[in-house]
Structure formats: structure tokens, C-alpha cells
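What follows is the content of entry_25.cif (mmCIF, C-alpha atoms).
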data_upload
#
loop_
_atom_site.group_PDB
_atom_site.id
_atom_site.type_symbol
_atom_site.label_atom_id
_atom_site.label_comp_id
_atom_site.auth_asym_id
_atom_site.auth_seq_id
_atom_site.Cartn_x
_atom_site.Cartn_y
_atom_site.Cartn_z
ATOM 1 C CA GLY A 1 103.086 104.871 109.540
ATOM 2 C CA HIS A 2 101.034 103.896 112.537
ATOM 3 C CA GLY A 3 101.189 100.140 113.093
ATOM 4 C CA GLY A 4 98.068 98.571 114.570
ATOM 5 C CA TYR A 5 95.859 101.606 113.920
ATOM 6 C CA ILE A 6 92.504 101.533 112.176
ATOM 7 C CA ILE A 7 90.728 104.171 110.087
ATOM 8 C CA ASP A 8 89.089 105.914 113.031
ATOM 9 C CA THR A 9 88.918 105.247 116.759
ATOM 10 C CA LEU A 10 86.335 102.520 117.212
ATOM 11 C CA GLY A 11 85.850 99.346 119.202
ATOM 12 C CA GLY A 12 88.674 100.150 121.605
ATOM 13 C CA LYS A 13 91.202 100.542 118.770
ATOM 14 C CA ASN A 14 93.052 103.748 117.934
ATOM 15 C CA GLY A 15 92.331 105.391 114.602
ATOM 16 C CA ILE A 16 94.421 107.741 112.501
ATOM 17 C CA SER A 17 91.551 110.089 111.652
ATOM 18 C CA GLY A 18 91.068 113.151 113.781
ATOM 19 C CA LEU A 19 93.938 114.165 116.030
ATOM 20 C CA ILE A 20 96.736 112.139 114.393
ATOM 21 C CA THR A 21 95.829 113.221 110.872
ATOM 22 C CA ASP A 22 95.120 116.815 111.848
ATOM 23 C CA GLN A 23 98.431 117.165 113.717
ATOM 24 C CA ALA A 24 100.467 115.534 110.950
ATOM 25 C CA LEU A 25 98.983 117.819 108.299
ATOM 26 C CA ALA A 26 99.402 120.932 110.465
ATOM 27 C CA ASN A 27 102.963 120.101 111.534
ATOM 28 C CA TYR A 28 104.420 118.846 108.260
ATOM 29 C CA HIS A 29 102.405 120.622 105.533
ATOM 30 C CA PRO A 30 102.936 117.724 103.110
ATOM 31 C CA ASN A 31 102.847 118.073 99.363
ATOM 32 C CA ILE A 32 102.017 114.379 99.006
ATOM 33 C CA VAL A 33 100.119 112.093 101.387
ATOM 34 C CA LEU A 34 100.286 108.313 100.964
ATOM 35 C CA LEU A 35 97.310 106.548 102.516
ATOM 36 C CA LYS A 36 97.096 102.761 102.886
ATOM 37 C CA ILE A 37 94.599 102.128 105.671
ATOM 38 C CA GLY A 38 92.017 99.488 106.474
ATOM 39 C CA THR A 39 94.090 96.344 106.974
ATOM 40 C CA ASN A 40 93.489 96.255 110.710
ATOM 41 C CA ASP A 41 89.809 97.151 110.302
ATOM 42 C CA VAL A 42 89.301 94.254 107.884
ATOM 43 C CA ASN A 43 91.530 91.772 109.708
ATOM 44 C CA SER A 44 89.919 92.471 113.096
ATOM 45 C CA THR A 45 86.425 92.709 111.555
ATOM 46 C CA ILE A 46 85.892 96.168 113.038
ATOM 47 C CA ASP A 47 82.774 97.649 111.421
ATOM 48 C CA VAL A 48 83.899 96.271 108.057
ATOM 49 C CA ALA A 49 80.566 97.042 106.394
ATOM 50 C CA ASN A 50 81.096 100.753 107.090
ATOM 51 C CA ALA A 51 84.867 100.798 106.553
ATOM 52 C CA PRO A 52 84.560 102.380 103.073
ATOM 53 C CA THR A 53 82.322 105.131 104.475
ATOM 54 C CA ARG A 54 84.814 105.739 107.264
ATOM 55 C CA LEU A 55 87.648 105.822 104.707
ATOM 56 C CA GLY A 56 85.674 108.376 102.671
ATOM 57 C CA LYS A 57 85.444 110.618 105.726
ATOM 58 C CA LEU A 58 89.199 110.295 106.259
ATOM 59 C CA ILE A 59 89.846 111.183 102.613
ATOM 60 C CA ASP A 60 87.603 114.235 103.063
ATOM 61 C CA GLU A 61 89.463 115.201 106.230
ATOM 62 C CA ILE A 62 92.819 115.054 104.465
ATOM 63 C CA THR A 63 91.692 116.847 101.299
ATOM 64 C CA THR A 64 89.996 119.558 103.368
ATOM 65 C CA ASN A 65 92.947 120.144 105.697
ATOM 66 C CA ALA A 66 95.589 119.868 102.952
ATOM 67 C CA PRO A 67 93.749 120.932 99.783
ATOM 68 C CA SER A 68 96.925 121.493 97.761
ATOM 69 C CA ALA A 69 98.488 118.158 98.651
ATOM 70 C CA LEU A 70 98.243 115.138 96.396
ATOM 71 C CA LEU A 71 96.544 112.290 98.247
ATOM 72 C CA VAL A 72 97.408 108.812 96.958
ATOM 73 C CA VAL A 73 94.867 106.320 98.324
ATOM 74 C CA SER A 74 95.991 102.725 98.093
ATOM 75 C CA SER A 75 94.037 99.522 98.229
ATOM 76 C CA ILE A 76 95.201 97.259 101.021
ATOM 77 C CA ILE A 77 97.357 94.277 100.193
ATOM 78 C CA PRO A 78 96.214 90.665 100.275
ATOM 79 C CA THR A 79 96.731 88.579 103.375
ATOM 80 C CA ALA A 80 97.790 84.959 103.689
ATOM 81 C CA ASP A 81 94.284 84.017 104.890
ATOM 82 C CA ASN A 82 91.669 83.332 102.197
ATOM 83 C CA ASN A 83 88.722 84.229 104.450
ATOM 84 C CA THR A 84 90.274 87.573 105.302
ATOM 85 C CA ASN A 85 91.082 88.134 101.627
ATOM 86 C CA GLN A 86 87.387 87.970 100.777
ATOM 87 C CA ARG A 87 86.814 90.907 103.146
ATOM 88 C CA VAL A 88 89.910 92.659 101.769
ATOM 89 C CA GLN A 89 88.597 92.404 98.220
ATOM 90 C CA THR A 90 85.155 93.701 99.228
ATOM 91 C CA TYR A 91 86.727 96.678 101.018
ATOM 92 C CA ASN A 92 89.147 97.358 98.159
ATOM 93 C CA ALA A 93 86.349 97.266 95.578
ATOM 94 C CA ALA A 94 84.823 100.390 97.168
ATOM 95 C CA ILE A 95 87.999 102.483 97.139
ATOM 96 C CA PRO A 96 88.175 103.488 93.448
ATOM 97 C CA GLY A 97 84.645 104.893 93.623
ATOM 98 C CA LEU A 98 85.475 106.893 96.735
ATOM 99 C CA VAL A 99 88.547 108.328 95.051
ATOM 100 C CA ASN A 100 86.936 108.954 91.665
ATOM 101 C CA THR A 101 84.013 110.846 93.208
ATOM 102 C CA ARG A 102 86.371 113.181 95.017
ATOM 103 C CA ALA A 103 88.694 113.583 92.030
ATOM 104 C CA ALA A 104 85.700 114.505 89.874
ATOM 105 C CA ALA A 105 84.871 117.173 92.471
ATOM 106 C CA GLY A 106 88.313 118.714 91.975
ATOM 107 C CA LYS A 107 90.143 117.123 94.906
ATOM 108 C CA HIS A 108 93.801 116.163 94.385
ATOM 109 C CA VAL A 109 93.361 112.453 94.965
ATOM 110 C CA VAL A 110 94.348 109.349 93.003
ATOM 111 C CA PHE A 111 93.885 105.616 93.505
ATOM 112 C CA LEU A 112 96.698 103.057 93.593
ATOM 113 C CA ASP A 113 95.986 99.317 93.414
ATOM 114 C CA ASN A 114 98.597 97.822 95.727
ATOM 115 C CA TYR A 115 96.541 94.627 96.035
ATOM 116 C CA ALA A 116 97.249 93.978 92.351
ATOM 117 C CA ALA A 117 100.927 94.878 92.795
ATOM 118 C CA PHE A 118 101.241 92.150 95.438
ATOM 119 C CA ALA A 119 98.984 89.578 93.791
ATOM 120 C CA GLN A 120 101.151 89.643 90.650
ATOM 121 C CA ASN A 121 103.479 87.387 92.613
ATOM 122 C CA ALA A 122 101.706 84.034 92.981
ATOM 123 C CA ASN A 123 103.870 83.361 96.060
ATOM 124 C CA TYR A 124 103.225 86.751 97.701
ATOM 125 C CA ALA A 125 102.203 85.125 101.018
ATOM 126 C CA THR A 126 105.685 83.700 101.497
ATOM 127 C CA ALA A 127 107.790 85.965 99.253
ATOM 128 C CA LEU A 128 106.390 89.373 100.247
ATOM 129 C CA MET A 129 104.770 88.929 103.675
ATOM 130 C CA ALA A 130 106.439 89.052 107.101
ATOM 131 C CA ASP A 131 103.591 87.480 109.045
ATOM 132 C CA GLY A 132 100.695 86.823 106.696
ATOM 133 C CA LEU A 133 99.305 90.327 107.238
ATOM 134 C CA ASN A 134 102.187 92.791 106.910
ATOM 135 C CA PRO A 135 104.851 93.113 104.213
ATOM 136 C CA ASN A 136 108.441 92.014 104.687
ATOM 137 C CA ASP A 137 111.332 94.030 103.250
ATOM 138 C CA ALA A 138 110.705 92.680 99.733
ATOM 139 C CA GLY A 139 107.027 93.574 100.105
ATOM 140 C CA TYR A 140 107.869 97.117 101.125
ATOM 141 C CA VAL A 141 110.016 97.414 98.010
ATOM 142 C CA ILE A 142 106.949 96.474 95.931
ATOM 143 C CA LEU A 143 104.845 99.064 97.798
ATOM 144 C CA GLY A 144 107.517 101.742 97.418
ATOM 145 C CA GLN A 145 107.855 101.104 93.704
ATOM 146 C CA ALA A 146 104.077 101.201 93.196
ATOM 147 C CA PHE A 147 103.732 104.475 95.091
ATOM 148 C CA TYR A 148 106.669 105.929 93.154
ATOM 149 C CA VAL A 149 105.087 105.028 89.813
ATOM 150 C CA ALA A 150 101.780 106.629 90.888
ATOM 151 C CA ILE A 151 103.489 109.791 92.089
ATOM 152 C CA GLY A 152 106.197 110.011 89.455
ATOM 153 C CA ALA A 153 103.657 110.176 86.664
ATOM 154 C CA LEU A 154 102.219 113.331 88.250
ATOM 155 C CA LEU A 155 105.429 115.165 89.077
ATOM 156 C CA PRO A 156 106.871 117.806 86.758
ATOM 157 C CA ALA A 157 109.849 116.785 84.681
ATOM 158 C CA GLY A 158 113.246 117.728 86.049
ATOM 159 C CA PRO A 159 115.519 120.428 84.567
#

Could I get this file's structure written as C-alpha cells?
Amino acid sequence: GHGGYIIDTLGGKNGISGLITDQALANYHPNIVLLKIGTNDVNSTIDVANAPTRLGKLIDEITTNAPSALLVVSSIIPTADNNTNQRVQTYNAAIPGLVNTRAAAGKHVVFLDNYAAFAQNANYATALMADGLNPNDAGYVILGQAFYVAIGALLPAGP
């Protein structure tokens, strides 16, 4: 994880695309990549209108540099602020299309709706959030379980 980062370097903020992503893929040769990015873009209103396009480029970067890896692209979780949540929902609405287009082209990419996983708890803002933007320990358990379900369904059965 890279706390405080955005999708790509923009507006004086550091992004994970480019050098960070390229180095991580080259150094670790992952079989599975979990991607939950965009919270800081949406919260800081950094080129929000183009955030899905920027995410698409990041997905392409990962699937090109690690074509055999499974990429699990997650929606971002709700925040405690209703105004921000409107932007979150707009951003999240674009993600399944980005993923489905690439999956249809043969890329190893799936979508995970972590917004829904959080929103199932009507008290998520107090029960699952550390600061109104980021998960607390209970929230990370929800995220971990959701990612596990998405991945587990695609893994081969054990001996």
C-alpha cells in the first residue's frame, strides 16, 4: 500500500502509476495484484472527471507488464462525508466497464465491489472507518474478506 498516493502523479501529488508500479511488478513478479486506488483523487478533487481514464491507463500498465498476473480492481469504499460519497459513487460507477472491456479483450482482470461490502453495514462510518476516509482494523477485515472471496473463487482447488 501507498498511503496518500493518487492514481498518477498530478497536481503536486505522487501517483502509483509509472515508476512505483513498474518497479513493484519487476521486483516481485506477482501472481495476483490487488488494486484499490482513487480515494485520494476523489477526496482531494484531483482531476476527478478524468480519474476513470487515468485508472484505465493504470490497469493497462499492470496488465501489460504482468500479463499472467490476476489483477483484482476494487471500487473505493464510501467515506463519512455525503458530498464526497457522491463523487465516490460516480467514480466507482465507471470501474466495472473499465474492467469488463479489458477482461473481454483477454486480460486477467476482475472487478470487486468493496463499496458494497462496506455499505452493507449501515454504521460503516463509525464501525469500519478510522477517520472518515480510511478503514480501521474492522474495516480492513471486511476488505480482506472481500478480496479473499474474489480471489478464492479463481484459485485451483487444493490437493

Residues within 10 Å of (98.5, 101.5, 87.4), file coords, all atoms listed in the file, listed as a JSON list (two decimals) with C-alpha atoms, in the coordinates of the input:
[["chain", "number", "residue", "atom", "x", "y", "z"],
["A", 111, "PHE", "CA", 93.88, 105.62, 93.50],
["A", 112, "LEU", "CA", 96.70, 103.06, 93.59],
["A", 113, "ASP", "CA", 95.99, 99.32, 93.41],
["A", 114, "ASN", "CA", 98.60, 97.82, 95.73],
["A", 116, "ALA", "CA", 97.25, 93.98, 92.35],
["A", 117, "ALA", "CA", 100.93, 94.88, 92.80],
["A", 146, "ALA", "CA", 104.08, 101.20, 93.20],
["A", 147, "PHE", "CA", 103.73, 104.48, 95.09],
["A", 149, "VAL", "CA", 105.09, 105.03, 89.81],
["A", 150, "ALA", "CA", 101.78, 106.63, 90.89]]

Surrounding residues of Thr53 of chain A excluding itself and chain neighbours under 3 positions, 12 Å, all atoms listed in the file, as a tab-separated table (two decimals) with C-alpha atoms, in the coordinates of the input:
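Once everything was written out, this is around18.tsv:
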chain	number	residue	atom	x	y	z
A	7	ILE	CA	90.73	104.17	110.09
A	8	ASP	CA	89.09	105.91	113.03
A	38	GLY	CA	92.02	99.49	106.47
A	47	ASP	CA	82.77	97.65	111.42
A	48	VAL	CA	83.90	96.27	108.06
A	49	ALA	CA	80.57	97.04	106.39
A	50	ASN	CA	81.10	100.75	107.09
A	56	GLY	CA	85.67	108.38	102.67
A	57	LYS	CA	85.44	110.62	105.73
A	58	LEU	CA	89.20	110.30	106.26
A	59	ILE	CA	89.85	111.18	102.61
A	60	ASP	CA	87.60	114.24	103.06
A	91	TYR	CA	86.73	96.68	101.02
A	94	ALA	CA	84.82	100.39	97.17
A	95	ILE	CA	88.00	102.48	97.14
A	97	GLY	CA	84.64	104.89	93.62
A	98	LEU	CA	85.48	106.89	96.74
A	99	VAL	CA	88.55	108.33	95.05

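The gap separating atom CA of Val42 of chain A from atom CA of Asn136 of chain A is 19.5 Å, in Å to one decimal.
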
What is the distance, in Å and to one decimal place, between atom CA of Ala125 of chain A and atom CA of Ile6 of chain A?
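Here the two named atoms are 22.1 Å from each other.
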
If the PyMOL selection byres ((chain A and resi 154) around 12) is run on the structure shown, which residues does it catch, given as an mmCIF file with C-alpha atoms, in the frame of the given file?
data_model
loop_
_atom_site.group_PDB
_atom_site.id
_atom_site.type_symbol
_atom_site.label_atom_id
_atom_site.label_comp_id
_atom_site.auth_asym_id
_atom_site.auth_seq_id
_atom_site.Cartn_x
_atom_site.Cartn_y
_atom_site.Cartn_z
ATOM 1 C CA ILE A 32 102.017 114.379 99.006
ATOM 2 C CA LEU A 70 98.243 115.138 96.396
ATOM 3 C CA LEU A 71 96.544 112.290 98.247
ATOM 4 C CA VAL A 72 97.408 108.812 96.958
ATOM 5 C CA HIS A 108 93.801 116.163 94.385
ATOM 6 C CA VAL A 109 93.361 112.453 94.965
ATOM 7 C CA VAL A 110 94.348 109.349 93.003
ATOM 8 C CA PHE A 147 103.732 104.475 95.091
ATOM 9 C CA TYR A 148 106.669 105.929 93.154
ATOM 10 C CA VAL A 149 105.087 105.028 89.813
ATOM 11 C CA ALA A 150 101.780 106.629 90.888
ATOM 12 C CA ILE A 151 103.489 109.791 92.089
ATOM 13 C CA GLY A 152 106.197 110.011 89.455
ATOM 14 C CA ALA A 153 103.657 110.176 86.664
ATOM 15 C CA LEU A 155 105.429 115.165 89.077
ATOM 16 C CA PRO A 156 106.871 117.806 86.758
ATOM 17 C CA ALA A 157 109.849 116.785 84.681
#

Exercise: Asn65 of chain A partners within 9 Å, only C-alpha atoms, chain neighbours under 6 positions left out, as a PyMOL selection string
chain A and resi 22+25-26

When the PyMOL selection byres ((chain A and resi 85) around 12) is applied to the structure above, which residues does it catch, written out as an mmCIF file with C-alpha atoms, keeping the file's coordinate frame?
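The resulting out14.cif:
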data_model
loop_
_atom_site.group_PDB
_atom_site.id
_atom_site.type_symbol
_atom_site.label_atom_id
_atom_site.label_comp_id
_atom_site.auth_asym_id
_atom_site.auth_seq_id
_atom_site.Cartn_x
_atom_site.Cartn_y
_atom_site.Cartn_z
ATOM 1 C CA THR A 39 94.090 96.344 106.974
ATOM 2 C CA VAL A 42 89.301 94.254 107.884
ATOM 3 C CA ASN A 43 91.530 91.772 109.708
ATOM 4 C CA THR A 45 86.425 92.709 111.555
ATOM 5 C CA ILE A 76 95.201 97.259 101.021
ATOM 6 C CA ILE A 77 97.357 94.277 100.193
ATOM 7 C CA PRO A 78 96.214 90.665 100.275
ATOM 8 C CA THR A 79 96.731 88.579 103.375
ATOM 9 C CA ALA A 80 97.790 84.959 103.689
ATOM 10 C CA ASP A 81 94.284 84.017 104.890
ATOM 11 C CA ASN A 82 91.669 83.332 102.197
ATOM 12 C CA ASN A 83 88.722 84.229 104.450
ATOM 13 C CA THR A 84 90.274 87.573 105.302
ATOM 14 C CA GLN A 86 87.387 87.970 100.777
ATOM 15 C CA ARG A 87 86.814 90.907 103.146
ATOM 16 C CA VAL A 88 89.910 92.659 101.769
ATOM 17 C CA GLN A 89 88.597 92.404 98.220
ATOM 18 C CA THR A 90 85.155 93.701 99.228
ATOM 19 C CA TYR A 91 86.727 96.678 101.018
ATOM 20 C CA ASN A 92 89.147 97.358 98.159
ATOM 21 C CA ALA A 93 86.349 97.266 95.578
ATOM 22 C CA TYR A 115 96.541 94.627 96.035
ATOM 23 C CA ALA A 119 98.984 89.578 93.791
ATOM 24 C CA ALA A 125 102.203 85.125 101.018
ATOM 25 C CA GLY A 132 100.695 86.823 106.696
ATOM 26 C CA LEU A 133 99.305 90.327 107.238
#

Contacts of Gly139 of chain A at 8 Å (all atoms listed in the file; same-chain gap of 4+ positions) as a PyMOL selection string:
chain A and resi 118+127-129+135+143

Step by step, gather every atom of segment 42-47 of chain A that the file lists, find the box along x, y and z that holds them, add 5 Å on each side, and finally give centre and edge lengths in Å to one decimal, as lines of an AutoDock Vina configuration file.
center_x = 87.2
center_y = 94.7
center_z = 110.5
size_x = 18.8
size_y = 15.9
size_z = 15.2

Please determine, counting all atoms listed in the file, which residue among A:Ile46, A:Ile62, A:Ala103, A:Ile142 has the shortest atom-to-atom distance to Ser17 of chain A.
A:Ile62

With distances taken over all atoms listed in the file, which of A:Gly11, A:Pro52, A:Gly106, A:Gly1 is nearest to Thr64 of chain A?
A:Gly106

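One distance worth recording is that between atom CA of Ile20 of chain A and atom CA of Ala138 of chain A, which is 28.1 Å.
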
Under the rule that all atoms listed in the file are counted, which of A:Ala66, A:Val141, A:Ala122, A:Ala104 is the nearest residue to Ala24 of chain A?
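Smallest distance to Ala24 of chain A is found for A:Ala66.
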